[in-house]
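Chemist: Can you read through this structure? Questions will come right after.
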Amino acid sequence: YDSAGDGWSGGATIAEVTTDGVSRYNATLTSGYDGVLYMCLQDGIHHLRIKATDSEISWVFDDASGNHFHGGAPIDDAFHTAAGELYGAPSIQPTLSASPTAGPSPIPSTPVPSMVPSSPLPTPLPTQPTPSPSPLPSTPGPSLRPTPLP
């Protein structure tokens, strides 16, 4: 497709499909808004490359089952065909990411457990609380009469 209707730069922009590094199809749109190119691709991974940076250029690949993928220029990516159908494929150009962290240490970072407890041993029998609670309150209880105001 060409949204401006003047073709892919008048036919100067080429879409190339390669398989195993061998050019299979070269296509362009010499004029107009759209065009159709039929391709018969063997099963495998193929590469689509359109080098133009022209934002008016776009394309669609359809298979016999109604699956499709589409995009715009520029593109430099891979796709997969199997039994006449289109599938995504891992990109030939991997995504860069941060280096992985160092592997786990073979030596524990905490001390090795010991056979001797580090805290005091428990007492063999229960102990009584200290101090013992008092049987009666140590403050006077409430009165039934109101306290006069000063």
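We name chains A, B, ... following the order of the structure tokens; residues begin at 1 in each chain, and ligands are numbered from 1 as shown.
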As a short mmCIF file (atom, residue, chain, number, x, y, z; two decimals) with all heavy atoms, in the first residue's frame, please: the residues near A:Thr19 (cut-off 10 Å, only C-alpha atoms, same-chain neighbours under 3 positions excluded).

Modeler:
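Done, and the output landed in part12.cif:
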data_model
loop_
_atom_site.label_atom_id
_atom_site.label_comp_id
_atom_site.auth_asym_id
_atom_site.auth_seq_id
_atom_site.Cartn_x
_atom_site.Cartn_y
_atom_site.Cartn_z
N VAL A 22 19.05 -16.59 -0.05
CA VAL A 22 18.81 -16.53 -1.49
C VAL A 22 17.59 -15.66 -1.75
O VAL A 22 16.52 -15.89 -1.17
CB VAL A 22 18.59 -17.95 -2.08
CG1 VAL A 22 18.26 -17.88 -3.56
CG2 VAL A 22 19.81 -18.81 -1.81
N SER A 23 17.73 -14.68 -2.64
CA SER A 23 16.61 -13.80 -2.97
C SER A 23 15.53 -14.60 -3.70
O SER A 23 15.79 -15.26 -4.70
CB SER A 23 17.10 -12.64 -3.84
OG SER A 23 16.03 -11.77 -4.12
N ARG A 24 14.28 -14.56 -3.17
CA ARG A 24 13.17 -15.29 -3.77
C ARG A 24 12.25 -14.37 -4.56
O ARG A 24 11.80 -14.73 -5.63
CB ARG A 24 12.34 -15.99 -2.69
CG ARG A 24 13.13 -16.98 -1.89
CD ARG A 24 13.73 -17.98 -2.77
NE ARG A 24 13.50 -19.30 -2.26
CZ ARG A 24 13.97 -20.37 -2.84
NH1 ARG A 24 14.67 -20.27 -3.93
NH2 ARG A 24 13.74 -21.53 -2.34
N TYR A 25 11.93 -13.21 -3.98
CA TYR A 25 11.01 -12.27 -4.62
C TYR A 25 11.49 -10.86 -4.37
O TYR A 25 11.93 -10.52 -3.27
CB TYR A 25 9.59 -12.42 -4.07
CG TYR A 25 8.95 -13.73 -4.44
CD1 TYR A 25 9.00 -14.81 -3.58
CD2 TYR A 25 8.29 -13.87 -5.65
CE1 TYR A 25 8.42 -16.02 -3.93
CE2 TYR A 25 7.69 -15.07 -6.00
CZ TYR A 25 7.76 -16.14 -5.14
OH TYR A 25 7.19 -17.33 -5.48
N LEU A 41 5.94 -19.82 -1.36
CA LEU A 41 7.16 -19.99 -0.56
C LEU A 41 7.20 -21.39 0.03
O LEU A 41 6.20 -21.89 0.54
CB LEU A 41 7.22 -18.95 0.56
CG LEU A 41 7.35 -17.50 0.10
CD1 LEU A 41 7.12 -16.55 1.28
CD2 LEU A 41 8.71 -17.25 -0.51
N GLN A 42 8.36 -22.00 -0.02
CA GLN A 42 8.55 -23.31 0.61
C GLN A 42 8.43 -23.18 2.12
O GLN A 42 8.54 -22.08 2.67
CB GLN A 42 9.94 -23.85 0.24
CG GLN A 42 11.08 -23.04 0.87
CD GLN A 42 12.42 -23.31 0.24
OE1 GLN A 42 12.54 -23.34 -0.96
NE2 GLN A 42 13.43 -23.53 1.07
N ASP A 43 8.17 -24.28 2.81
CA ASP A 43 8.12 -24.26 4.27
C ASP A 43 9.49 -23.87 4.79
O ASP A 43 10.52 -24.36 4.31
CB ASP A 43 7.76 -25.65 4.81
CG ASP A 43 6.32 -26.02 4.53
OD1 ASP A 43 5.57 -25.17 4.03
OD2 ASP A 43 5.95 -27.19 4.80
N GLY A 44 9.51 -23.00 5.78
CA GLY A 44 10.78 -22.59 6.38
C GLY A 44 10.73 -21.17 6.90
O GLY A 44 9.67 -20.56 7.02
N ILE A 45 11.90 -20.67 7.20
CA ILE A 45 12.04 -19.30 7.71
C ILE A 45 12.51 -18.40 6.58
O ILE A 45 13.45 -18.74 5.87
CB ILE A 45 13.01 -19.26 8.91
CG1 ILE A 45 12.44 -20.08 10.06
CG2 ILE A 45 13.24 -17.82 9.36
CD1 ILE A 45 13.34 -20.19 11.26
N HIS A 46 11.83 -17.29 6.43
CA HIS A 46 12.11 -16.35 5.35
C HIS A 46 12.39 -14.98 5.96
O HIS A 46 12.06 -14.72 7.11
CB HIS A 46 10.91 -16.26 4.40
CG HIS A 46 10.41 -17.60 3.98
ND1 HIS A 46 11.03 -18.35 3.00
CD2 HIS A 46 9.38 -18.35 4.44
CE1 HIS A 46 10.37 -19.49 2.86
NE2 HIS A 46 9.37 -19.51 3.73
N HIS A 47 12.96 -14.13 5.16
CA HIS A 47 13.38 -12.81 5.63
C HIS A 47 12.75 -11.76 4.72
O HIS A 47 12.84 -11.86 3.50
CB HIS A 47 14.91 -12.74 5.56
CG HIS A 47 15.50 -11.62 6.32
ND1 HIS A 47 16.84 -11.46 6.43
CD2 HIS A 47 14.96 -10.59 6.98
CE1 HIS A 47 17.10 -10.38 7.14
NE2 HIS A 47 15.96 -9.84 7.47
N LEU A 48 12.13 -10.74 5.31
CA LEU A 48 11.55 -9.62 4.57
C LEU A 48 12.35 -8.37 4.88
O LEU A 48 12.59 -8.05 6.05
CB LEU A 48 10.09 -9.40 4.96
CG LEU A 48 9.43 -8.14 4.41
CD1 LEU A 48 9.34 -8.18 2.88
CD2 LEU A 48 8.06 -7.95 5.02
N ALA A 78 12.10 -11.58 10.16
CA ALA A 78 11.88 -12.93 9.67
C ALA A 78 10.43 -13.34 9.88
O ALA A 78 9.74 -12.82 10.75
CB ALA A 78 12.79 -13.90 10.40
#

Chemist: Given only C-alpha atoms as the basis, pick out the residue of A:Val112, A:Ile75, A:Leu149, A:Leu29 nearest to A:Gly10.

Modeler: A:Leu29

Chemist: Skip A:His68 itself and residues of its chain fewer than 3 positions away, then list as a list of chain:residue names all residues within 10 Å of it, counting only C-alpha atoms.

Modeler: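 Surrounding residues, per the criterion: A:Val60, A:Phe61, A:Asp62, A:Asp63, A:Ala64, A:Ser65, A:Glu85, A:Leu86, A:Tyr87, A:Gly88.
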